[in-house]
$ cat protein_36.cif   # mmCIF, C-alpha atoms, pLDDT in the B column; chains and numbers go by the auth columns
data_protein
#
loop_
_atom_site.group_PDB
_atom_site.id
_atom_site.type_symbol
_atom_site.label_atom_id
_atom_site.label_comp_id
_atom_site.label_asym_id
_atom_site.label_seq_id
_atom_site.Cartn_x
_atom_site.Cartn_y
_atom_site.Cartn_z
_atom_site.B_iso_or_equiv
_atom_site.auth_seq_id
_atom_site.auth_asym_id
ATOM 1 C CA MET A 1 2.691 72.210 114.489 67.00 29 I
ATOM 2 C CA ALA A 2 -0.173 73.788 112.578 89.00 30 I
ATOM 3 C CA ALA A 3 -0.870 73.259 108.911 95.00 31 I
ATOM 4 C CA LYS A 4 1.557 75.059 106.639 96.00 32 I
ATOM 5 C CA THR A 5 0.414 78.087 104.653 97.00 33 I
ATOM 6 C CA VAL A 6 1.202 77.675 100.981 97.00 34 I
ATOM 7 C CA THR A 7 1.263 80.181 98.152 97.00 35 I
ATOM 8 C CA ILE A 8 1.842 80.036 94.418 96.00 36 I
ATOM 9 C CA GLU A 9 5.558 80.456 95.211 97.00 37 I
ATOM 10 C CA ASN A 10 5.937 77.346 97.387 97.00 38 I
ATOM 11 C CA PHE A 11 3.031 75.149 96.178 97.00 39 I
ATOM 12 C CA GLN A 12 5.257 73.078 93.883 97.00 40 I
ATOM 13 C CA GLN A 13 7.705 72.272 96.677 96.00 41 I
ATOM 14 C CA GLU A 14 5.277 71.817 99.585 96.00 42 I
ATOM 15 C CA VAL A 15 2.400 70.054 97.806 97.00 43 I
ATOM 16 C CA LEU A 16 3.249 68.697 94.368 97.00 44 I
ATOM 17 C CA GLY A 17 6.771 67.660 95.348 96.00 45 I
ATOM 18 C CA SER A 18 5.831 66.094 98.674 96.00 46 I
ATOM 19 C CA GLY A 19 6.767 62.472 99.293 95.00 47 I
ATOM 20 C CA VAL A 20 3.650 61.940 101.434 97.00 48 I
ATOM 21 C CA PRO A 21 -0.070 62.546 100.817 97.00 49 I
ATOM 22 C CA VAL A 22 -0.976 66.220 101.292 98.00 50 I
ATOM 23 C CA LEU A 23 -4.344 67.658 102.285 98.00 51 I
ATOM 24 C CA VAL A 24 -4.808 71.249 101.149 98.00 52 I
ATOM 25 C CA ASP A 25 -7.527 73.342 102.774 98.00 53 I
ATOM 26 C CA PHE A 26 -8.663 76.110 100.412 98.00 54 I
ATOM 27 C CA TRP A 27 -10.302 78.725 102.665 98.00 55 I
ATOM 28 C CA ALA A 28 -11.037 82.419 103.264 97.00 56 I
ATOM 29 C CA GLY A 29 -11.218 84.494 106.436 96.00 57 I
ATOM 30 C CA TRP A 30 -14.810 85.621 105.821 97.00 58 I
ATOM 31 C CA CYS A 31 -16.090 82.034 105.447 97.00 59 I
ATOM 32 C CA GLY A 32 -17.861 80.683 108.547 97.00 60 I
ATOM 33 C CA PRO A 33 -17.566 76.977 107.662 97.00 61 I
ATOM 34 C CA CYS A 34 -13.871 77.559 106.865 97.00 62 I
ATOM 35 C CA ARG A 35 -13.363 78.812 110.422 96.00 63 I
ATOM 36 C CA MET A 36 -14.896 75.546 111.665 96.00 64 I
ATOM 37 C CA VAL A 37 -12.656 73.347 109.488 97.00 65 I
ATOM 38 C CA SER A 38 -9.387 75.247 109.955 96.00 66 I
ATOM 39 C CA PRO A 39 -8.720 74.213 113.585 97.00 67 I
ATOM 40 C CA LEU A 40 -9.495 70.590 112.677 97.00 68 I
ATOM 41 C CA VAL A 41 -6.868 70.675 109.925 98.00 69 I
ATOM 42 C CA ASP A 42 -4.372 72.144 112.426 97.00 70 I
ATOM 43 C CA GLU A 43 -5.174 69.381 114.934 97.00 71 I
ATOM 44 C CA LEU A 44 -4.675 66.717 112.277 98.00 72 I
ATOM 45 C CA ALA A 45 -1.338 68.280 111.330 97.00 73 I
ATOM 46 C CA ASP A 46 -0.255 67.938 114.969 97.00 74 I
ATOM 47 C CA GLU A 47 -1.580 64.411 115.384 97.00 75 I
ATOM 48 C CA HIS A 48 -0.523 62.888 112.043 97.00 76 I
ATOM 49 C CA PRO A 49 3.024 63.843 111.026 96.00 77 I
ATOM 50 C CA GLU A 50 2.977 61.008 108.494 97.00 78 I
ATOM 51 C CA TYR A 51 0.885 63.276 106.253 97.00 79 I
ATOM 52 C CA ALA A 52 1.245 66.913 105.228 97.00 80 I
ATOM 53 C CA PHE A 53 -1.477 69.497 105.851 98.00 81 I
ATOM 54 C CA CYS A 54 -1.492 72.845 104.093 98.00 82 I
ATOM 55 C CA LYS A 55 -3.791 75.841 103.728 98.00 83 I
ATOM 56 C CA VAL A 56 -4.386 78.181 100.805 98.00 84 I
ATOM 57 C CA ASN A 57 -6.211 81.467 101.338 98.00 85 I
ATOM 58 C CA VAL A 58 -8.268 81.814 98.154 98.00 86 I
ATOM 59 C CA ASP A 59 -8.484 85.596 98.490 97.00 87 I
ATOM 60 C CA GLU A 60 -4.685 85.859 98.545 97.00 88 I
ATOM 61 C CA GLN A 61 -4.027 83.054 96.031 97.00 89 I
ATOM 62 C CA PRO A 62 -6.786 83.259 93.385 97.00 90 I
ATOM 63 C CA ASP A 63 -4.580 81.664 90.717 96.00 91 I
ATOM 64 C CA LEU A 64 -4.185 78.492 92.784 96.00 92 I
ATOM 65 C CA ALA A 65 -7.915 78.405 93.518 96.00 93 I
ATOM 66 C CA ASN A 66 -8.666 78.739 89.790 96.00 94 I
ATOM 67 C CA GLN A 67 -6.066 76.155 88.815 96.00 95 I
ATOM 68 C CA TYR A 68 -7.734 73.544 91.051 95.00 96 I
ATOM 69 C CA LYS A 69 -11.277 74.637 90.150 94.00 97 I
ATOM 70 C CA VAL A 70 -12.179 75.702 93.674 96.00 98 I
ATOM 71 C CA MET A 71 -15.681 77.132 93.314 93.00 99 I
ATOM 72 C CA SER A 72 -16.860 76.842 96.920 96.00 100 I
ATOM 73 C CA ILE A 73 -15.062 76.835 100.238 97.00 101 I
ATOM 74 C CA PRO A 74 -13.937 75.245 102.409 98.00 102 I
ATOM 75 C CA ASN A 75 -12.588 72.951 99.739 98.00 103 I
ATOM 76 C CA LEU A 76 -10.346 70.079 100.796 98.00 104 I
ATOM 77 C CA VAL A 77 -8.066 68.633 98.135 98.00 105 I
ATOM 78 C CA VAL A 78 -5.804 65.625 98.653 98.00 106 I
ATOM 79 C CA PHE A 79 -2.666 65.317 96.534 98.00 107 I
ATOM 80 C CA LYS A 80 -0.541 62.202 96.176 97.00 108 I
ATOM 81 C CA ASP A 81 2.523 62.042 93.956 96.00 109 I
ATOM 82 C CA GLY A 82 1.676 65.518 92.633 95.00 110 I
ATOM 83 C CA LYS A 83 -1.823 64.575 91.492 96.00 111 I
ATOM 84 C CA VAL A 84 -5.292 65.315 92.886 97.00 112 I
ATOM 85 C CA VAL A 85 -6.694 62.067 94.282 97.00 113 I
ATOM 86 C CA ALA A 86 -9.657 63.416 96.279 97.00 114 I
ATOM 87 C CA GLN A 87 -11.598 66.656 96.570 96.00 115 I
ATOM 88 C CA SER A 88 -14.514 67.661 98.755 96.00 116 I
ATOM 89 C CA ALA A 89 -16.309 70.970 99.292 96.00 117 I
ATOM 90 C CA GLY A 90 -17.982 71.956 102.551 96.00 118 I
ATOM 91 C CA ALA A 91 -17.305 71.491 106.229 96.00 119 I
ATOM 92 C CA LYS A 92 -16.472 67.973 107.367 96.00 120 I
ATOM 93 C CA PRO A 93 -15.922 66.360 110.767 97.00 121 I
ATOM 94 C CA LYS A 94 -12.322 65.696 111.730 97.00 122 I
ATOM 95 C CA GLU A 95 -12.555 61.930 111.188 97.00 123 I
ATOM 96 C CA GLN A 96 -13.871 62.380 107.625 97.00 124 I
ATOM 97 C CA ILE A 97 -11.033 64.776 106.834 97.00 125 I
ATOM 98 C CA LEU A 98 -8.501 62.241 108.111 97.00 126 I
ATOM 99 C CA GLU A 99 -10.130 59.464 106.066 97.00 127 I
ATOM 100 C CA MET A 100 -9.687 61.532 102.906 97.00 128 I
ATOM 101 C CA VAL A 101 -5.929 61.574 103.486 97.00 129 I
ATOM 102 C CA ARG A 102 -5.700 57.974 104.674 96.00 130 I
ATOM 103 C CA ASN A 103 -7.452 56.743 101.535 94.00 131 I
ATOM 104 C CA ALA A 104 -5.056 58.602 99.231 89.00 132 I
#
$ encode --input "protein_36.cif" --output "structure tokens"
Amino acid sequence: MAAKTVTIENFQQEVLGSGVPVLVDFWAGWCGPCRMVSPLVDELADEHPEYAFCKVNVDEQPDLANQYKVMSIPNLVVFKDGKVVAQSAGAKPKEQILEMVRNA
């Protein structure tokens, strides 16, 4: 199961209301590094059902990007109990992405 696409309409339920740590990948289709990170996030979603993995297209959801001060992409944000606990901009290897969620 790939990472879930979230929008302003379901962000509260899928991310802030989640009972498990959630990694949100803020991305855009025109972003080369985003296209490198996206399949890694999907793989992690398949391999680690104990966490939630979501994606936000910043071009389609600019209000969410602004709310979480996303200035560069890809931007990975980890939420736990409805709060931001980690944030990192730029492409990362799969293991570093997983560590962000594990350390939440």
$ closest_residue --input "protein_36.cif" --among "I:Lys120, I:Lys83, I:His76, I:Arg130" --to "Lys108 in chain I" --atoms "only C-alpha atoms"
I:Arg130
$ closest_atom_pairs --input "protein_36.cif" --of "range 35-102 of chain I" --to "range 121-128 of chain I" --cutoff "10 Å" --atoms "all atoms listed in the file" --output "JSON lines"
{"residue": "I:Pro49", "atom": "CA", "partner": "I:Met128", "partner_atom": "CA", "distance": 9.9}
{"residue": "I:Leu51", "atom": "CA", "partner": "I:Met128", "partner_atom": "CA", "distance": 8.2}
{"residue": "I:Met64", "atom": "CA", "partner": "I:Pro121", "partner_atom": "CA", "distance": 9.3}
{"residue": "I:Val65", "atom": "CA", "partner": "I:Pro121", "partner_atom": "CA", "distance": 7.8}
{"residue": "I:Pro67", "atom": "CA", "partner": "I:Lys122", "partner_atom": "CA", "distance": 9.4}
{"residue": "I:Leu68", "atom": "CA", "partner": "I:Lys122", "partner_atom": "CA", "distance": 5.7}
{"residue": "I:Val69", "atom": "CA", "partner": "I:Lys122", "partner_atom": "CA", "distance": 7.6}
{"residue": "I:Glu71", "atom": "CA", "partner": "I:Lys122", "partner_atom": "CA", "distance": 8.7}
{"residue": "I:Leu72", "atom": "CA", "partner": "I:Leu126", "partner_atom": "CA", "distance": 7.2}
{"residue": "I:Ala73", "atom": "CA", "partner": "I:Leu126", "partner_atom": "CA", "distance": 9.9}
{"residue": "I:His76", "atom": "CA", "partner": "I:Leu126", "partner_atom": "CA", "distance": 8.9}
{"residue": "I:Tyr79", "atom": "CA", "partner": "I:Leu126", "partner_atom": "CA", "distance": 9.6}
$ closest_residue --input "protein_36.cif" --among "I:Thr33, I:Gly60, I:Cys82, I:Ser46" --to "Leu104 in chain I" --atoms "only C-alpha atoms"
I:Cys82
$ residues_around --input "protein_36.cif" --residues "Tyr96 in chain I" --least-positions-apart "5" --cutoff "10 Å" --atoms "all atoms listed in the file" --output "PyMOL selection string"
chain I and resi 54+91+103+105+112+115
$ write_last_selection --input "protein_36.cif" --atoms "C-alpha atoms" --output "compact mmCIF listing (two decimals), keeping the file's coordinate frame"
# COMPACT_ATOMS: atom_id res chain seq x y z
CA PHE I 54 -8.66 76.11 100.41
CA ASP I 91 -4.58 81.66 90.72
CA ASN I 103 -12.59 72.95 99.74
CA VAL I 105 -8.07 68.63 98.14
CA VAL I 112 -5.29 65.32 92.89
CA GLN I 115 -11.60 66.66 96.57
$ residues_near_point --input "protein_36.cif" --point "(2.6, 73.3, 104.7)" --cutoff "8 Å" --atoms "only C-alpha atoms" --output "list in words"
Ala31, Lys32, Thr33, Val34, Glu42, Val43, Ala80, Phe81, Cys82 and Lys83 of chain I
$ resolve_selection --input "protein_36.cif" --expression "the PyMOL selection byres ((chain I and resi 100) around 9)" --output "ChimeraX atom specification"
/I:54-55,98-99,101-103,117-118
$ atom_distance --input "protein_36.cif" --atom1 "CA of Asn131 in chain I" --atom2 "CA of Gly47 in chain I"
15.5 Å
$ atom_distance --input "protein_36.cif" --atom1 "CA of Ile36 in chain I" --atom2 "CA of Asp70 in chain I"
20.6 Å
$ closest_residue --input "protein_36.cif" --among "I:Val106, I:Leu92, I:Ala30, I:Val86" --to "Val52 in chain I" --atoms "all atoms listed in the file"
I:Val106
$ axis_aligned_box --input "protein_36.cif" --around "range 95-104 of chain I" --padding-each-side "8 Å" --output "AutoDock Vina command-line options"
--center_x -11.5 --center_y 73.6 --center_z 95.6 --size_x 26.8 --size_y 23.1 --size_z 29.6
$ atom_distance --input "protein_36.cif" --atom1 "CA of Val113 in chain I" --atom2 "CA of Val48 in chain I"
12.6 Å
